[in-house]
file entry_21.cif (mmCIF, C-alpha atoms; chains and numbers go by the auth columns)
data_protein
loop_
_atom_site.group_PDB
_atom_site.id
_atom_site.type_symbol
_atom_site.label_atom_id
_atom_site.label_comp_id
_atom_site.label_asym_id
_atom_site.label_seq_id
_atom_site.Cartn_x
_atom_site.Cartn_y
_atom_site.Cartn_z
_atom_site.B_iso_or_equiv
_atom_site.auth_seq_id
_atom_site.auth_asym_id
ATOM 1 C CA GLN A 1 44.138 125.955 160.054 0.00 567 A
ATOM 2 C CA GLN A 2 42.771 127.626 163.158 0.00 568 A
ATOM 3 C CA GLN A 3 43.332 125.190 166.022 0.00 569 A
ATOM 4 C CA VAL A 4 41.067 127.099 168.377 0.00 570 A
ATOM 5 C CA LYS A 5 37.831 128.746 167.286 0.00 571 A
ATOM 6 C CA GLN A 6 36.592 131.629 169.425 0.00 572 A
ATOM 7 C CA SER A 7 33.287 133.485 169.392 0.00 573 A
ATOM 8 C CA PRO A 8 31.869 136.053 169.387 0.00 574 A
ATOM 9 C CA GLN A 9 34.298 138.447 167.783 0.00 575 A
ATOM 10 C CA SER A 10 32.844 141.325 169.775 0.00 576 A
ATOM 11 C CA LEU A 11 30.483 141.603 172.699 0.00 577 A
ATOM 12 C CA ILE A 12 28.646 144.479 174.341 0.00 578 A
ATOM 13 C CA VAL A 13 27.242 143.957 177.823 0.00 579 A
ATOM 14 C CA GLN A 14 25.537 146.224 180.308 0.00 580 A
ATOM 15 C CA LYS A 15 27.218 146.817 183.630 0.00 581 A
ATOM 16 C CA GLY A 16 26.189 144.076 186.034 0.00 582 A
ATOM 17 C CA GLY A 17 25.420 141.621 183.253 0.00 583 A
ATOM 18 C CA ILE A 18 27.069 138.330 182.397 0.00 584 A
ATOM 19 C CA SER A 19 29.638 138.159 179.606 0.00 585 A
ATOM 20 C CA ILE A 20 30.100 134.779 177.938 0.00 586 A
ATOM 21 C CA ILE A 21 32.863 133.931 175.475 0.00 587 A
ATOM 22 C CA ASN A 22 33.126 130.537 173.843 0.00 588 A
ATOM 23 C CA CYS A 23 35.978 128.489 172.421 0.00 589 A
ATOM 24 C CA ALA A 24 36.185 125.143 170.675 0.00 590 A
ATOM 25 C CA TYR A 25 39.100 122.918 169.749 0.00 591 A
ATOM 26 C CA GLU A 26 39.731 119.670 167.896 0.00 592 A
ATOM 27 C CA ASN A 27 43.059 118.327 169.105 0.00 593 A
ATOM 28 C CA THR A 28 42.540 116.023 172.074 0.00 594 A
ATOM 29 C CA ALA A 29 46.234 116.351 172.971 0.00 595 A
ATOM 30 C CA PHE A 30 45.567 119.774 174.476 0.00 596 A
ATOM 31 C CA ASP A 31 45.795 119.586 178.244 0.00 597 A
ATOM 32 C CA TYR A 32 45.714 123.153 179.474 0.00 598 A
ATOM 33 C CA PHE A 33 43.275 125.916 178.592 0.00 599 A
ATOM 34 C CA PRO A 34 44.166 129.450 179.700 0.00 600 A
ATOM 35 C CA TRP A 35 42.334 132.698 179.108 0.00 601 A
ATOM 36 C CA TYR A 36 44.224 135.920 178.576 0.00 602 A
ATOM 37 C CA GLN A 37 43.033 139.495 178.994 0.00 603 A
ATOM 38 C CA GLN A 38 44.533 142.270 176.911 0.00 604 A
ATOM 39 C CA PHE A 39 44.016 145.998 177.390 0.00 605 A
ATOM 40 C CA PRO A 40 44.762 148.415 174.540 0.00 606 A
ATOM 41 C CA GLY A 41 48.471 149.021 174.142 0.00 607 A
ATOM 42 C CA LYS A 42 49.399 146.208 176.515 0.00 608 A
ATOM 43 C CA GLY A 43 50.471 142.606 176.202 0.00 609 A
ATOM 44 C CA PRO A 44 48.070 139.780 177.067 0.00 610 A
ATOM 45 C CA ALA A 45 48.015 138.748 180.707 0.00 611 A
ATOM 46 C CA LEU A 46 46.895 135.417 182.116 0.00 612 A
ATOM 47 C CA LEU A 47 43.436 135.715 183.646 0.00 613 A
ATOM 48 C CA ILE A 48 42.378 132.199 184.572 0.00 614 A
ATOM 49 C CA ALA A 49 43.142 128.681 183.355 0.00 615 A
ATOM 50 C CA ILE A 50 41.723 125.180 183.587 0.00 616 A
ATOM 51 C CA ARG A 51 42.902 121.639 183.080 0.00 617 A
ATOM 52 C CA PRO A 52 40.609 119.083 181.402 0.00 618 A
ATOM 53 C CA ASP A 53 40.182 116.947 184.514 0.00 619 A
ATOM 54 C CA VAL A 54 37.742 119.464 185.983 0.00 620 A
ATOM 55 C CA SER A 55 34.540 120.864 184.493 0.00 621 A
ATOM 56 C CA GLU A 56 34.586 124.274 186.117 0.00 622 A
ATOM 57 C CA LYS A 57 36.979 126.691 187.740 0.00 623 A
ATOM 58 C CA LYS A 58 35.987 129.899 189.454 0.00 624 A
ATOM 59 C CA GLU A 59 38.141 132.823 190.509 0.00 625 A
ATOM 60 C CA GLY A 60 36.179 135.781 191.781 0.00 626 A
ATOM 61 C CA ARG A 61 33.822 136.971 189.067 0.00 627 A
ATOM 62 C CA PHE A 62 35.531 134.834 186.402 0.00 628 A
ATOM 63 C CA THR A 63 34.516 131.238 185.712 0.00 629 A
ATOM 64 C CA ILE A 64 35.701 128.759 183.106 0.00 630 A
ATOM 65 C CA SER A 65 33.290 126.019 182.099 0.00 631 A
ATOM 66 C CA PHE A 66 34.865 123.045 180.352 0.00 632 A
ATOM 67 C CA ASN A 67 33.090 120.355 178.346 0.00 633 A
ATOM 68 C CA LYS A 68 35.619 117.692 177.445 0.00 634 A
ATOM 69 C CA SER A 69 33.287 115.535 175.360 0.00 635 A
ATOM 70 C CA ALA A 70 32.191 118.497 173.254 0.00 636 A
ATOM 71 C CA LYS A 71 35.740 119.917 173.149 0.00 637 A
ATOM 72 C CA GLN A 72 34.440 123.304 174.181 0.00 638 A
ATOM 73 C CA PHE A 73 35.223 125.725 176.952 0.00 639 A
ATOM 74 C CA SER A 74 33.884 129.118 177.869 0.00 640 A
ATOM 75 C CA LEU A 75 34.654 132.131 180.000 0.00 641 A
ATOM 76 C CA HIS A 76 31.885 133.673 182.082 0.00 642 A
ATOM 77 C CA ILE A 77 32.321 137.105 183.621 0.00 643 A
ATOM 78 C CA MET A 78 29.704 137.708 186.270 0.00 644 A
ATOM 79 C CA ASP A 79 28.631 141.205 187.313 0.00 645 A
ATOM 80 C CA SER A 80 30.565 142.660 184.380 0.00 646 A
ATOM 81 C CA GLN A 81 32.192 146.041 185.047 0.00 647 A
ATOM 82 C CA PRO A 82 33.401 148.786 182.696 0.00 648 A
ATOM 83 C CA GLY A 83 36.937 147.962 183.830 0.00 649 A
ATOM 84 C CA ASP A 84 36.487 144.510 182.280 0.00 650 A
ATOM 85 C CA SER A 85 36.366 146.104 178.828 0.00 651 A
ATOM 86 C CA ALA A 86 39.270 144.481 177.015 0.00 652 A
ATOM 87 C CA THR A 87 40.080 141.823 174.448 0.00 653 A
ATOM 88 C CA TYR A 88 39.949 138.258 175.700 0.00 654 A
ATOM 89 C CA PHE A 89 41.844 135.372 174.146 0.00 655 A
ATOM 90 C CA CYS A 90 41.347 131.718 174.839 0.00 656 A
ATOM 91 C CA ALA A 91 44.190 129.310 174.236 0.00 657 A
ATOM 92 C CA ALA A 92 44.783 125.585 174.107 0.00 658 A
ATOM 93 C CA VAL A 93 48.126 124.182 175.117 0.00 659 A
ATOM 94 C CA SER A 94 50.023 121.001 174.544 0.00 660 A
ATOM 95 C CA GLY A 95 53.502 120.937 176.042 0.00 661 A
ATOM 96 C CA ASN A 96 55.205 124.107 174.907 0.00 662 A
ATOM 97 C CA GLN A 97 52.804 124.850 172.085 0.00 663 A
ATOM 98 C CA PHE A 98 50.160 127.508 172.646 0.00 664 A
ATOM 99 C CA TYR A 99 47.330 128.005 170.155 0.00 665 A
ATOM 100 C CA PHE A 100 45.290 131.163 170.590 0.00 666 A
ATOM 101 C CA GLY A 101 41.783 132.014 169.530 0.00 667 A
ATOM 102 C CA THR A 102 41.173 135.113 167.441 0.00 668 A
ATOM 103 C CA GLY A 103 40.014 137.167 170.408 0.00 669 A
ATOM 104 C CA THR A 104 36.785 138.743 171.646 0.00 670 A
ATOM 105 C CA SER A 105 36.514 142.467 172.149 0.00 671 A
ATOM 106 C CA LEU A 106 34.344 143.038 175.218 0.00 672 A
ATOM 107 C CA THR A 107 32.747 146.400 175.941 0.00 673 A
ATOM 108 C CA VAL A 108 30.883 146.859 179.200 0.00 674 A
ATOM 109 C CA ILE A 109 28.526 149.813 179.095 0.00 675 A
ATOM 110 C CA PRO A 110 28.059 151.732 182.360 0.00 676 A
ATOM 111 C CA ASN B 1 61.367 140.953 189.507 0.00 996 B
ATOM 112 C CA ALA B 2 60.994 142.718 186.209 0.00 997 B
ATOM 113 C CA GLY B 3 58.587 141.246 183.709 0.00 998 B
ATOM 114 C CA VAL B 4 59.240 140.548 180.062 0.00 999 B
ATOM 115 C CA MET B 5 60.750 143.606 178.418 0.00 1000 B
ATOM 116 C CA GLN B 6 60.503 144.532 174.793 0.00 1001 B
ATOM 117 C CA ASN B 7 62.098 147.378 172.919 0.00 1002 B
ATOM 118 C CA PRO B 8 61.490 149.495 171.157 0.00 1003 B
ATOM 119 C CA ARG B 9 57.821 149.923 172.012 0.00 1004 B
ATOM 120 C CA HIS B 10 57.182 151.659 168.731 0.00 1005 B
ATOM 121 C CA LEU B 11 59.209 151.327 165.548 0.00 1006 B
ATOM 122 C CA VAL B 12 58.680 153.100 162.258 0.00 1007 B
ATOM 123 C CA ARG B 13 60.453 151.895 159.146 0.00 1008 B
ATOM 124 C CA ARG B 14 60.240 152.679 155.441 0.00 1009 B
ATOM 125 C CA ARG B 15 59.689 149.924 152.940 0.00 1010 B
ATOM 126 C CA GLY B 16 62.915 148.044 152.279 0.00 1011 B
ATOM 127 C CA GLN B 17 64.543 148.842 155.608 0.00 1012 B
ATOM 128 C CA GLU B 18 65.337 146.366 158.359 0.00 1013 B
ATOM 129 C CA ALA B 19 63.484 146.071 161.645 0.00 1014 B
ATOM 130 C CA ARG B 20 65.071 144.620 164.785 0.00 1015 B
ATOM 131 C CA LEU B 21 62.837 143.827 167.726 0.00 1016 B
ATOM 132 C CA ARG B 22 64.321 142.893 171.085 0.00 1017 B
ATOM 133 C CA CYS B 23 62.925 140.802 173.905 0.00 1018 B
ATOM 134 C CA SER B 24 64.429 140.280 177.339 0.00 1019 B
ATOM 135 C CA PRO B 25 62.668 137.398 179.075 0.00 1020 B
ATOM 136 C CA MET B 26 61.828 137.286 182.729 0.00 1021 B
ATOM 137 C CA LYS B 27 64.696 136.374 185.012 0.00 1022 B
ATOM 138 C CA GLY B 28 65.169 132.649 185.102 0.00 1023 B
ATOM 139 C CA HIS B 29 63.143 132.007 181.949 0.00 1024 B
ATOM 140 C CA SER B 30 64.877 130.099 179.208 0.00 1025 B
ATOM 141 C CA HIS B 31 62.090 129.867 176.637 0.00 1026 B
ATOM 142 C CA VAL B 32 61.017 132.682 174.350 0.00 1027 B
ATOM 143 C CA TYR B 33 58.101 132.841 171.963 0.00 1028 B
ATOM 144 C CA TRP B 34 57.331 135.472 169.347 0.00 1029 B
ATOM 145 C CA TYR B 35 53.811 136.267 168.173 0.00 1030 B
ATOM 146 C CA ARG B 36 52.391 138.682 165.629 0.00 1031 B
ATOM 147 C CA GLN B 37 49.086 140.422 166.120 0.00 1032 B
ATOM 148 C CA LEU B 38 47.449 142.124 163.187 0.00 1033 B
ATOM 149 C CA PRO B 39 44.641 144.626 163.722 0.00 1034 B
ATOM 150 C CA GLU B 40 41.373 142.870 164.570 0.00 1035 B
ATOM 151 C CA GLU B 41 43.123 139.493 164.617 0.00 1036 B
ATOM 152 C CA GLY B 42 44.382 137.139 167.238 0.00 1037 B
ATOM 153 C CA LEU B 43 47.878 136.184 168.206 0.00 1038 B
ATOM 154 C CA LYS B 44 49.718 134.253 165.526 0.00 1039 B
ATOM 155 C CA PHE B 45 52.595 132.097 166.675 0.00 1040 B
ATOM 156 C CA MET B 46 55.825 132.780 164.841 0.00 1041 B
ATOM 157 C CA VAL B 47 58.750 131.085 166.541 0.00 1042 B
ATOM 158 C CA TYR B 48 59.779 129.351 169.753 0.00 1043 B
ATOM 159 C CA LEU B 49 63.358 129.507 170.946 0.00 1044 B
ATOM 160 C CA GLN B 50 65.497 128.342 173.787 0.00 1045 B
ATOM 161 C CA LYS B 51 68.968 129.691 174.453 0.00 1046 B
ATOM 162 C CA GLU B 52 70.995 129.287 171.248 0.00 1047 B
ATOM 163 C CA ASN B 53 68.372 127.026 169.679 0.00 1048 B
ATOM 164 C CA ILE B 54 65.331 127.459 167.481 0.00 1049 B
ATOM 165 C CA ILE B 55 62.846 124.852 168.632 0.00 1050 B
ATOM 166 C CA ASP B 56 59.905 125.595 166.347 0.00 1051 B
ATOM 167 C CA GLU B 57 59.751 128.174 163.570 0.00 1052 B
ATOM 168 C CA SER B 58 56.710 126.790 161.822 0.00 1053 B
ATOM 169 C CA GLY B 59 54.890 130.115 162.078 0.00 1054 B
ATOM 170 C CA MET B 60 57.677 132.209 160.661 0.00 1055 B
ATOM 171 C CA PRO B 61 57.475 133.415 157.068 0.00 1056 B
ATOM 172 C CA LYS B 62 60.120 131.630 155.021 0.00 1057 B
ATOM 173 C CA GLU B 63 61.714 134.807 153.718 0.00 1058 B
ATOM 174 C CA ARG B 64 62.910 138.024 155.350 0.00 1059 B
ATOM 175 C CA PHE B 65 62.183 136.909 158.921 0.00 1060 B
ATOM 176 C CA SER B 66 64.695 135.434 161.333 0.00 1061 B
ATOM 177 C CA ALA B 67 65.011 135.047 165.089 0.00 1062 B
ATOM 178 C CA GLU B 68 67.745 134.292 167.539 0.00 1063 B
ATOM 179 C CA PHE B 69 68.164 133.882 171.281 0.00 1064 B
ATOM 180 C CA PRO B 70 71.880 134.029 172.025 0.00 1065 B
ATOM 181 C CA LYS B 71 73.559 132.706 175.122 0.00 1066 B
ATOM 182 C CA GLU B 72 73.963 136.265 176.343 0.00 1067 B
ATOM 183 C CA GLY B 73 71.578 139.103 175.671 0.00 1068 B
ATOM 184 C CA PRO B 74 68.020 139.451 174.469 0.00 1069 B
ATOM 185 C CA SER B 75 66.154 137.515 171.849 0.00 1070 B
ATOM 186 C CA ILE B 76 66.034 139.320 168.512 0.00 1071 B
ATOM 187 C CA LEU B 77 63.346 139.146 165.847 0.00 1072 B
ATOM 188 C CA ARG B 78 64.729 140.511 162.616 0.00 1073 B
ATOM 189 C CA ILE B 79 62.674 141.512 159.606 0.00 1074 B
ATOM 190 C CA GLN B 80 64.623 142.368 156.497 0.00 1075 B
ATOM 191 C CA GLN B 81 63.322 144.525 153.634 0.00 1076 B
ATOM 192 C CA VAL B 82 60.101 145.338 155.435 0.00 1077 B
ATOM 193 C CA VAL B 83 56.862 145.749 153.500 0.00 1078 B
ATOM 194 C CA ARG B 84 53.627 147.455 154.523 0.00 1079 B
ATOM 195 C CA GLY B 85 52.061 144.093 155.340 0.00 1080 B
ATOM 196 C CA ASP B 86 54.599 143.646 158.137 0.00 1081 B
ATOM 197 C CA SER B 87 52.934 146.454 160.088 0.00 1082 B
ATOM 198 C CA ALA B 88 51.631 144.801 163.246 0.00 1083 B
ATOM 199 C CA ALA B 89 52.185 144.420 166.954 0.00 1084 B
ATOM 200 C CA TYR B 90 54.852 141.873 167.775 0.00 1085 B
ATOM 201 C CA PHE B 91 54.698 140.261 171.171 0.00 1086 B
ATOM 202 C CA CYS B 92 57.294 138.259 172.949 0.00 1087 B
ATOM 203 C CA ALA B 93 56.469 135.823 175.726 0.00 1088 B
ATOM 204 C CA SER B 94 58.769 133.918 178.017 0.00 1089 B
ATOM 205 C CA SER B 95 58.333 130.841 180.133 0.00 1090 B
ATOM 206 C CA PRO B 96 60.429 128.883 182.569 0.00 1091 B
ATOM 207 C CA LEU B 97 61.887 125.491 181.859 0.00 1092 B
ATOM 208 C CA TRP B 98 59.050 123.126 181.033 0.00 1093 B
ATOM 209 C CA THR B 99 58.490 120.365 183.499 0.00 1094 B
ATOM 210 C CA SER B 100 56.047 117.545 182.948 0.00 1095 B
ATOM 211 C CA GLY B 101 54.594 115.499 185.681 0.00 1096 B
ATOM 212 C CA LYS B 102 51.519 114.581 187.552 0.00 1097 B
ATOM 213 C CA THR B 103 50.530 118.102 188.443 0.00 1098 B
ATOM 214 C CA SER B 104 52.003 120.091 185.651 0.00 1099 B
ATOM 215 C CA SER B 105 52.346 119.412 181.982 0.00 1100 B
ATOM 216 C CA TYR B 106 52.082 122.916 180.702 0.00 1101 B
ATOM 217 C CA ASN B 107 54.269 125.946 180.530 0.00 1102 B
ATOM 218 C CA GLU B 108 52.704 129.302 181.360 0.00 1103 B
ATOM 219 C CA GLN B 109 53.727 132.180 179.146 0.00 1104 B
ATOM 220 C CA PHE B 110 54.278 135.729 180.335 0.00 1105 B
ATOM 221 C CA PHE B 111 53.902 138.394 177.688 0.00 1106 B
ATOM 222 C CA GLY B 112 55.809 141.579 177.130 0.00 1107 B
ATOM 223 C CA PRO B 113 54.136 144.896 176.234 0.00 1108 B
ATOM 224 C CA GLY B 114 54.796 144.419 172.535 0.00 1109 B
ATOM 225 C CA THR B 115 56.526 146.366 169.782 0.00 1110 B
ATOM 226 C CA ARG B 116 54.291 148.165 167.344 0.00 1111 B
ATOM 227 C CA LEU B 117 55.896 148.200 163.940 0.00 1112 B
ATOM 228 C CA THR B 118 54.685 150.647 161.351 0.00 1113 B
ATOM 229 C CA VAL B 119 56.000 150.406 157.814 0.00 1114 B
ATOM 230 C CA LEU B 120 55.545 153.544 155.746 0.00 1115 B
#
call {"tool": "encode", "arguments": {"input": "entry_21.cif", "output": "structure tokens"}}
result
Amino acid sequence: QQQVKQSPQSLIVQKGGISIINCAYENTAFDYFPWYQQFPGKGPALLIAIRPDVSEKKEGRFTISFNKSAKQFSLHIMDSQPGDSATYFCAAVSGNQFYFGTGTSLTVIP
Amino acid sequence: NAGVMQNPRHLVRRRGQEARLRCSPMKGHSHVYWYRQLPEEGLKFMVYLQKENIIDESGMPKERFSAEFPKEGPSILRIQQVVRGDSAAYFCASSPLWTSGKTSSYNEQFFGPGTRLTVL
């Protein structure tokens, strides 16, 4: 079954707006939650990651919010730009096992 | 320091032929993972290998698919007697030796550019 549920499947945001992508998991053994960004024709690249001992991590315009009790985490992209248009994958990790969400296709309209 | 390399980038095969996908991990990385990405779908784990060992192949179809990571050379994902449903992007990722401890109990993966397999 899908270990990590990701939503929405697609997202359209105006330039300057906030993009929010959500993920949920069940397995409490997961201890690392990365987000990957993938441009068409390219492999996924690590964007930002969080460990469950913190509730938020911010890097530039990208923020991960983590809710351990609800087993949910989300990616917020502030001041979204057309160059942010890509597919975003969340993942949950335990040891060497990575479980990816199904991806969110983000389009930022100029 | 070159990243993860995959070749070929694009591969076209007719039904029934064999497909061989190659992955050269980043220098110093001893773990390789293979994923399949179907159109409009996420990354599906296939197999996890270390040098000369298959660690986890729980995501690999039982028939026609095999993978290896020899002591020398790239990791190979082999698909025998390809069918149209095998058409997908196949990504390889590599990671360094996993170390657990107080500050780190995860193993970051670095992805290659993928091989896009088309079966006619």
call {"tool": "interface_residues", "arguments": {"input": "entry_21.cif", "of": "chain A", "to": "chain B", "cutoff": "7 Å", "atoms": "all atoms listed in the file", "output": "PyMOL selection string"}}
result
chain A and resi 598+608-611+659-662+666-669
call {"tool": "closest_residue", "arguments": {"input": "entry_21.cif", "among": "A:Pro676, A:Arg627, A:Val620, A:Ile578", "to": "Asp597 of chain A", "atoms": "all atoms listed in the file"}}
result
A:Val620
call {"tool": "resolve_selection", "arguments": {"input": "entry_21.cif", "expression": "the PyMOL selection byres ((chain B and resi 1074) around 6)", "output": "PyMOL selection string"}}
result
chain B and resi 1013-1014+1059-1060+1073+1075
call {"tool": "atom_distance", "arguments": {"input": "entry_21.cif", "atom1": "atom CA of Ser621 of chain A", "atom2": "atom CA of Lys637 of chain A"}}
result
11.4 Å
call {"tool": "closest_residue", "arguments": {"input": "entry_21.cif", "among": "A:Ile643, A:Ala636, A:Leu672, A:Ala595", "to": "Lys624 of chain A", "atoms": "all atoms listed in the file"}}
result
A:Ile643
call {"tool": "atom_distance", "arguments": {"input": "entry_21.cif", "atom1": "atom CA of Gln638 of chain A", "atom2": "atom CA of Val674 of chain A"}}
result
24.3 Å
call {"tool": "build_atoms", "arguments": {"input": "entry_21.cif", "residues": "segment 609-619 of chain A", "atoms": "all heavy atoms", "output": "PDB file, keeping the file's coordinate frame"}}
result
ATOM      1  N   GLY A 609      50.390 144.007 176.568  1.00  0.00           N
ATOM      2  CA  GLY A 609      50.471 142.606 176.202  1.00  0.00           C
ATOM      3  C   GLY A 609      49.396 141.808 176.917  1.00  0.00           C
ATOM      4  O   GLY A 609      48.860 142.228 177.942  1.00  0.00           O
ATOM      5  N   PRO A 610      49.049 140.633 176.388  1.00  0.00           N
ATOM      6  CA  PRO A 610      48.070 139.780 177.067  1.00  0.00           C
ATOM      7  C   PRO A 610      48.585 139.344 178.434  1.00  0.00           C
ATOM      8  O   PRO A 610      49.789 139.145 178.622  1.00  0.00           O
ATOM      9  CB  PRO A 610      47.954 138.578 176.128  1.00  0.00           C
ATOM     10  CG  PRO A 610      48.490 139.040 174.818  1.00  0.00           C
ATOM     11  CD  PRO A 610      49.533 140.052 175.136  1.00  0.00           C
ATOM     12  N   ALA A 611      47.669 139.202 179.365  1.00  0.00           N
ATOM     13  CA  ALA A 611      48.015 138.748 180.707  1.00  0.00           C
ATOM     14  C   ALA A 611      47.094 137.587 181.086  1.00  0.00           C
ATOM     15  O   ALA A 611      45.892 137.625 180.796  1.00  0.00           O
ATOM     16  CB  ALA A 611      47.883 139.884 181.714  1.00  0.00           C
ATOM     17  N   LEU A 612      47.682 136.580 181.717  1.00  0.00           N
ATOM     18  CA  LEU A 612      46.895 135.417 182.116  1.00  0.00           C
ATOM     19  C   LEU A 612      45.802 135.823 183.094  1.00  0.00           C
ATOM     20  O   LEU A 612      46.049 136.506 184.094  1.00  0.00           O
ATOM     21  CB  LEU A 612      47.806 134.375 182.759  1.00  0.00           C
ATOM     22  CG  LEU A 612      47.113 133.100 183.249  1.00  0.00           C
ATOM     23  CD1 LEU A 612      46.548 132.316 182.066  1.00  0.00           C
ATOM     24  CD2 LEU A 612      48.080 132.234 184.042  1.00  0.00           C
ATOM     25  N   LEU A 613      44.587 135.369 182.805  1.00  0.00           N
ATOM     26  CA  LEU A 613      43.436 135.715 183.646  1.00  0.00           C
ATOM     27  C   LEU A 613      43.035 134.524 184.512  1.00  0.00           C
ATOM     28  O   LEU A 613      42.916 134.626 185.731  1.00  0.00           O
ATOM     29  CB  LEU A 613      42.277 136.124 182.733  1.00  0.00           C
ATOM     30  CG  LEU A 613      40.980 136.583 183.373  1.00  0.00           C
ATOM     31  CD1 LEU A 613      41.198 137.862 184.160  1.00  0.00           C
ATOM     32  CD2 LEU A 613      39.917 136.791 182.291  1.00  0.00           C
ATOM     33  N   ILE A 614      42.820 133.403 183.886  1.00  0.00           N
ATOM     34  CA  ILE A 614      42.378 132.199 184.572  1.00  0.00           C
ATOM     35  C   ILE A 614      42.636 131.026 183.640  1.00  0.00           C
ATOM     36  O   ILE A 614      42.669 131.198 182.417  1.00  0.00           O
ATOM     37  CB  ILE A 614      40.880 132.307 184.955  1.00  0.00           C
ATOM     38  CG1 ILE A 614      40.400 131.119 185.786  1.00  0.00           C
ATOM     39  CG2 ILE A 614      40.010 132.470 183.702  1.00  0.00           C
ATOM     40  CD1 ILE A 614      38.974 131.280 186.333  1.00  0.00           C
ATOM     41  N   ALA A 615      42.843 129.839 184.201  1.00  0.00           N
ATOM     42  CA  ALA A 615      43.142 128.681 183.355  1.00  0.00           C
ATOM     43  C   ALA A 615      42.519 127.434 183.965  1.00  0.00           C
ATOM     44  O   ALA A 615      42.250 127.384 185.174  1.00  0.00           O
ATOM     45  CB  ALA A 615      44.648 128.503 183.199  1.00  0.00           C
ATOM     46  N   ILE A 616      42.337 126.417 183.125  1.00  0.00           N
ATOM     47  CA  ILE A 616      41.723 125.180 183.587  1.00  0.00           C
ATOM     48  C   ILE A 616      42.414 123.989 182.938  1.00  0.00           C
ATOM     49  O   ILE A 616      42.938 124.097 181.817  1.00  0.00           O
ATOM     50  CB  ILE A 616      40.201 125.172 183.279  1.00  0.00           C
ATOM     51  CG1 ILE A 616      39.466 124.089 184.079  1.00  0.00           C
ATOM     52  CG2 ILE A 616      39.955 124.989 181.779  1.00  0.00           C
ATOM     53  CD1 ILE A 616      37.948 124.232 184.025  1.00  0.00           C
ATOM     54  N   ARG A 617      42.432 122.894 183.639  1.00  0.00           N
ATOM     55  CA  ARG A 617      42.902 121.639 183.080  1.00  0.00           C
ATOM     56  C   ARG A 617      41.683 120.771 182.780  1.00  0.00           C
ATOM     57  O   ARG A 617      40.647 120.925 183.418  1.00  0.00           O
ATOM     58  CB  ARG A 617      43.841 120.955 184.052  1.00  0.00           C
ATOM     59  CG  ARG A 617      45.139 121.706 184.260  1.00  0.00           C
ATOM     60  CD  ARG A 617      45.995 121.033 185.307  1.00  0.00           C
ATOM     61  NE  ARG A 617      46.266 119.640 185.006  1.00  0.00           N
ATOM     62  CZ  ARG A 617      47.199 119.233 184.161  1.00  0.00           C
ATOM     63  NH1 ARG A 617      47.910 120.120 183.501  1.00  0.00           N
ATOM     64  NH2 ARG A 617      47.414 117.958 183.949  1.00  0.00           N
ATOM     65  N   PRO A 618      41.782 119.831 181.860  1.00  0.00           N
ATOM     66  CA  PRO A 618      40.609 119.083 181.402  1.00  0.00           C
ATOM     67  C   PRO A 618      40.069 118.058 182.394  1.00  0.00           C
ATOM     68  O   PRO A 618      39.060 117.413 182.099  1.00  0.00           O
ATOM     69  CB  PRO A 618      41.104 118.404 180.119  1.00  0.00           C
ATOM     70  CG  PRO A 618      42.578 118.343 180.250  1.00  0.00           C
ATOM     71  CD  PRO A 618      42.970 119.536 181.040  1.00  0.00           C
ATOM     72  N   ASP A 619      40.704 117.915 183.546  1.00  0.00           N
ATOM     73  CA  ASP A 619      40.182 116.947 184.514  1.00  0.00           C
ATOM     74  C   ASP A 619      39.124 117.551 185.433  1.00  0.00           C
ATOM     75  O   ASP A 619      38.587 116.859 186.296  1.00  0.00           O
ATOM     76  CB  ASP A 619      41.324 116.334 185.332  1.00  0.00           C
ATOM     77  CG  ASP A 619      42.237 117.386 185.949  1.00  0.00           C
ATOM     78  OD1 ASP A 619      42.081 118.575 185.626  1.00  0.00           O
ATOM     79  OD2 ASP A 619      43.102 117.011 186.756  1.00  0.00           O
TER      80      ASP A 619
END
